[in-house]
Each structure stands twice: as structure tokens, then as C-alpha cells.
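Peer 1: Just passing along the structure, written as C-alpha cells.
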Amino acid sequence: MINKADKYLKETLLEILEDGTIDKNPRPKYEDGEPAFSKFITQKVFEYNIQKNEFPINTLRTTALKGAWYDIEAIYIKQTNVLEKMDKSIHSWWKDFVVKNFTPKELTDRWLDWAYHFGSEKTYKDKNPSDFQENSLGATYGNTIKRYDLMNNLLKGLENNPFGRRHIIDMWQEEQFKDDEKALPPCAYSTLWSVREDVDKTLKANYIDLTLVQRSNDFVMTSSINPAQYVMLGMAVCNHLTFKTGITHKMGKFLHLIQNCHIYLRHMDVVNEILNRKTTGLQPIIELIYEPKDFYSHSFDDFKFSGLEGIKKLESKLELAV
């Protein structure tokens, strides 16, 4: 037996090897300064039916599920772009993208936040901007969610007009890029949410079908991390809606669209290792086991994972390109 995530992983790696295009003038570089060339294909679509226990977690290599959640927590719950406010386990994911400069608005927000929590207006006015310089990704990710109130708008829309066709979170905000040109452009940047009723009326539930749009994906590194983390986000939203409306909400279908799906040329040993591995024959499953509650109260401990037995870490080294 092979689950969809295993099938997608092997088939996509082979497709990239056989039909992929090598990029030119790549932005990323390795630690030694050499350009990080990749081989890529475009417009890959992966479909999972969470309702039928199809989950986007492969068994050919381990998936950092805890880090995947903490990433979601930073962006959508804490709504921060500051490394120090994220869980320590994911600092290494972002440290190479840190920028030290902040926009005037960011600095003003920091001053006001500091004044509110720690001192008087007079005290914070005596502070210098350098006092508030933290390790930030720039005006992006959680900063975007907070600036445009995207998460609250989504939750309110799903609660008040569930069958509407405009439930979207879009972190690709051109005006914000103009404010902070050094900010890291979001990779998995857009989600579309649709609600439908249980057709058979047997569960008396609403299902949420979620689409994730990603401009670029390092497929060896994050083929399971990105979709798994957004399934967890979807489950937390469902739990929130159940809490708010009294109507049971569950994850239905999950679709993942990647525009540029690539493998780095220095990762070919890893690609061969994965292709030569056998699946465990299990279907990894994610469950949200906590009773319905407010979206912002969710944590990693609310989730239960099964079917992960026998999954082995990669033996080959994955050299990071940033």
C-alpha cells in the first residue's frame, strides 16, 4: 500500500529529473557563496480528501510536524514577524532571512507596544529606535496578517456568511512590499476557503475545503511540511467555528497548488535516497483532539498524530540555500 503523499513525492521527483528545467541566475546561494541552481517543473497540483483520511504526510522521510505547527502559530495566531516571538525550534528555519531595519510604522508600533506594557508615554519617548531592533523577517508573513486583520476577517466571514465565495487570505500585498523592500516575500502566500454541508446529512456537519497556493517549493525539503501545516491550520479554524456556531465543522478536501516545484542540484543524493526507499505502508493521520475553542487558544498539544511508525530520517545531507 502506498499513500497519496508517498505517491506524489516519488512521481514528482521523477518528473523533475526527467522533464525539469534548470534555472538561470538563481537568487539563493549556498553557504560557500556558490549560486544554488535548481531543476524545476511548474503548475503542480496535489489533491487530498481529509474527510476520507488522506493526509499529505509521506513515509519516505520524517516531517517536522512540530515545527510546521509553530510556523503556523507565529504567522496566524501570534501574527508576528519577529524571531524572538516564535518558538525556538523554528529559529533555524528563518535566521538566514532576518533583516535588522524596520519601517517607521513598525518602529512606532513597537514603541507604543512597549509603552503600553512597560512604561509611560514619557518613558517610551526617551527611548531610541535602536532599543527596539529585534530579529525580524521584515514587514511580511505575520506582520501582514496583523496589518490587514486577515485572520479575523476570515473567521468572521466564515461564521457570518459561511457559503460565501470570498473567503481568502492573501499575504501577497504589493503596498507592503513597497514599505519594506528587504522583507522576505511569502512563499505559501494564499489560501481559499469554501464551506459545504454534509450531503447525506448523517453527520450534521459543515465541511471546509481548503486550497493552498504556493509560488515556490523546495520539494525535497518541504513536500509534506507545507501541506501538513495548512491542514492543521484548517482544523483549528474548524474547531473555532464549531465553538462559535454550535455546528460541527470538519476538514473536507485539501488542494495544494505549487507554481514552481524544484529540487536543488546539490540535493541529488537525497533525491536518489528517497527514490530507493520503500514506504512504510501506513497512512499518517492528524487529529485535533481538543474540544471546540477559540482559534487563538490552539496549540501543538491539541493535535494527535498516528501512522508515523517506521519513518526514518534522511541519511544524506541537505545543504540549505538561502
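Letters A, B, ... go to the chains of the C-alpha cells in the order shown; residues in each chain start at 1; ligands are counted from 1 in the same order.
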For A:Ala5, work out the shell of residues within 6 Å, counting only C-alpha atoms and skipping chain neighbours fewer than 6 positions away, then give it as a list in words.
Peer 2: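 My list of contacting residues is Pro56, Ile57 and Asn58 of chain A.
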Peer 1: Go ahead and save the residues from that selection, with N, CA and C atoms, as an mmCIF file, in the first residue's frame.
Peer 2:
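See part.cif below for the written result:
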data_model
loop_
_atom_site.group_PDB
_atom_site.id
_atom_site.type_symbol
_atom_site.label_atom_id
_atom_site.label_comp_id
_atom_site.auth_asym_id
_atom_site.auth_seq_id
_atom_site.Cartn_x
_atom_site.Cartn_y
_atom_site.Cartn_z
ATOM 1 N N PRO A 56 -1.505 14.680 3.798
ATOM 2 C CA PRO A 56 -0.308 14.966 2.989
ATOM 3 C C PRO A 56 1.002 14.774 3.739
ATOM 4 N N ILE A 57 1.180 13.617 4.368
ATOM 5 C CA ILE A 57 2.411 13.312 5.097
ATOM 6 C C ILE A 57 3.005 12.037 4.505
ATOM 7 N N ASN A 58 4.180 12.138 3.929
ATOM 8 C CA ASN A 58 4.795 10.950 3.322
ATOM 9 C C ASN A 58 5.518 10.114 4.379
#
Peer 1: Pick out the residues sitting within 10 Å of A:Tyr70, and hand them over as a VMD selection string; count only C-alpha atoms, and ignore anything fewer than 5 positions along from it in its own chain.
Peer 2: chain A and resid 65 75 to 78 86 to 90 229 299 to 300
Peer 1: Excluding stretch 14-19 of chain A and any residue of its chain fewer than 6 positions from it, enumerate the residues within 8 Å of it, using only C-alpha atoms, and give them as a PyMOL selection string.
Peer 2: chain A and resi 39-41+262-263
Peer 1: Can you work out which one of A:Asn206, A:Thr140, A:Ser190, A:Asn25 has the shortest atom-to-atom distance to A:Leu257, counting only C-alpha atoms?
Peer 2: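 Checking each candidate against A:Leu257, we get A:Ser190 as the closest.
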Peer 1: Identify which of the residues A:Asn239, A:Ser316, A:Cys187, A:Thr42 lies closest to A:Asn272, counting only C-alpha atoms when measuring atom-to-atom distances.
Peer 2: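 Going through A:Asn239, A:Ser316, A:Cys187, A:Thr42 one by one, the smallest distance to A:Asn272 is for A:Ser316.
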Peer 1: Write out as a ChimeraX atom specification all residues of stretch 201-244 of chain A that DSSP puts in strand (DSSP E or B) for this structure's backbone.
Peer 2: /A:205-218
Peer 1: Keeping only C-alpha atoms, write those residues as a short mmCIF file (atom, residue, chain, number, x, y, z; two decimals), in the first residue's frame.
Peer 2:
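Output contents, as saved in result.cif:
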data_model
loop_
_atom_site.label_atom_id
_atom_site.label_comp_id
_atom_site.auth_asym_id
_atom_site.auth_seq_id
_atom_site.Cartn_x
_atom_site.Cartn_y
_atom_site.Cartn_z
CA ALA A 205 -21.67 18.91 9.86
CA ASN A 206 -20.19 21.56 7.65
CA TYR A 207 -17.04 20.70 5.73
CA ILE A 208 -14.30 23.18 4.87
CA ASP A 209 -12.46 22.65 1.60
CA LEU A 210 -9.13 24.46 1.64
CA THR A 211 -6.84 25.45 -1.24
CA LEU A 212 -3.22 26.47 -0.62
CA VAL A 213 -1.37 28.41 -3.32
CA GLN A 214 2.43 28.39 -3.18
CA ARG A 215 4.68 30.29 -5.57
CA SER A 216 7.77 28.13 -4.91
CA ASN A 217 8.51 24.86 -3.13
CA ASP A 218 11.79 23.11 -2.34
#
Peer 1: Please extract the residues of stretch 228-296 of chain A with a backbone DSSP assignment of alpha helix (DSSP H) and present them as a list in words.
Peer 2: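 For stretch 228-296 of chain A, the alpha helix (DSSP H) set is Ala228, Gln229, Tyr230, Val231, Met232, Leu233, Gly234, Met235, Ala236, Val237, Cys238, Asn239, His240, Leu241, Thr242, Phe243, Lys244, Thr245, Met268, Asp269, Val270, Val271, Asn272, Glu273, Ile274 and Leu275 of chain A.
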Peer 1: Mind writing the picked residues with C-alpha atoms as a compact mmCIF listing (two decimals), in the first residue's frame?
Peer 2:
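What landed in out_20.txt:
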# COMPACT_ATOMS: atom_id res chain seq x y z
CA ALA A 228 0.55 19.34 6.66
CA GLN A 229 0.83 22.66 8.46
CA TYR A 230 -2.08 24.13 6.49
CA VAL A 231 -4.22 21.09 7.24
CA MET A 232 -3.52 21.79 10.93
CA LEU A 233 -4.47 25.45 10.38
CA GLY A 234 -7.70 24.31 8.72
CA MET A 235 -8.50 22.02 11.63
CA ALA A 236 -8.01 24.86 14.12
CA VAL A 237 -10.35 27.06 12.07
CA CYS A 238 -12.94 24.24 12.00
CA ASN A 239 -12.67 23.85 15.78
CA HIS A 240 -13.15 27.61 16.22
CA LEU A 241 -16.25 27.63 14.01
CA THR A 242 -17.71 24.67 15.90
CA PHE A 243 -17.14 26.63 19.11
CA LYS A 244 -18.69 29.83 17.76
CA THR A 245 -21.66 28.46 15.82
CA MET A 268 20.55 14.81 -5.95
CA ASP A 269 21.97 12.31 -3.44
CA VAL A 270 18.92 12.91 -1.26
CA VAL A 271 16.59 12.51 -4.23
CA ASN A 272 18.15 9.12 -5.05
CA GLU A 273 17.92 8.07 -1.41
CA ILE A 274 14.19 8.85 -1.32
CA LEU A 275 13.51 7.16 -4.64
Peer 1: At a cut-off of 9 Å, using only C-alpha atoms, what residues contact A:Val45? Leave out same-chain residues fewer than 4 positions from it and give the result as a list in words.
Peer 2: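 Listing them by chain and then by number gives Leu255, His256, Leu257, Ile258 and Gln259 of chain A.
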Peer 1: Would you mind exporting C-alpha atoms of the selected residues as an mmCIF file, in the first residue's frame?
Peer 2:
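Dumped everything to result_13.cif:
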data_model
loop_
_atom_site.group_PDB
_atom_site.id
_atom_site.type_symbol
_atom_site.label_atom_id
_atom_site.label_comp_id
_atom_site.auth_asym_id
_atom_site.auth_seq_id
_atom_site.Cartn_x
_atom_site.Cartn_y
_atom_site.Cartn_z
ATOM 1 C CA LEU A 255 -5.784 21.106 -2.630
ATOM 2 C CA HIS A 256 -2.162 22.259 -2.882
ATOM 3 C CA LEU A 257 -1.031 24.241 -5.937
ATOM 4 C CA ILE A 258 2.689 24.887 -6.479
ATOM 5 C CA GLN A 259 3.755 27.161 -9.327
#
Peer 1: As an NGL selection string, please: the residues near A:Leu154 (cut-off 10 Å, only C-alpha atoms, same-chain neighbours under 5 positions excluded).
Peer 2: :A and (149 or 159 or 166-169 or 192-193 or 237)
Peer 1: Produce a file of the selected residues containing C-alpha atoms, as an mmCIF file, in the first residue's frame.
Peer 2:
data_model
loop_
_atom_site.group_PDB
_atom_site.id
_atom_site.type_symbol
_atom_site.label_atom_id
_atom_site.label_comp_id
_atom_site.auth_asym_id
_atom_site.auth_seq_id
_atom_site.Cartn_x
_atom_site.Cartn_y
_atom_site.Cartn_z
ATOM 1 C CA ASP A 149 -6.501 41.874 10.022
ATOM 2 C CA GLU A 159 -19.028 32.482 10.781
ATOM 3 C CA ARG A 166 -14.834 35.359 -0.968
ATOM 4 C CA HIS A 167 -13.127 33.631 1.950
ATOM 5 C CA ILE A 168 -9.493 34.322 1.089
ATOM 6 C CA ILE A 169 -6.282 35.129 2.918
ATOM 7 C CA LEU A 192 -9.035 29.946 -0.287
ATOM 8 C CA TRP A 193 -11.758 28.547 1.965
ATOM 9 C CA VAL A 237 -10.350 27.056 12.067
#
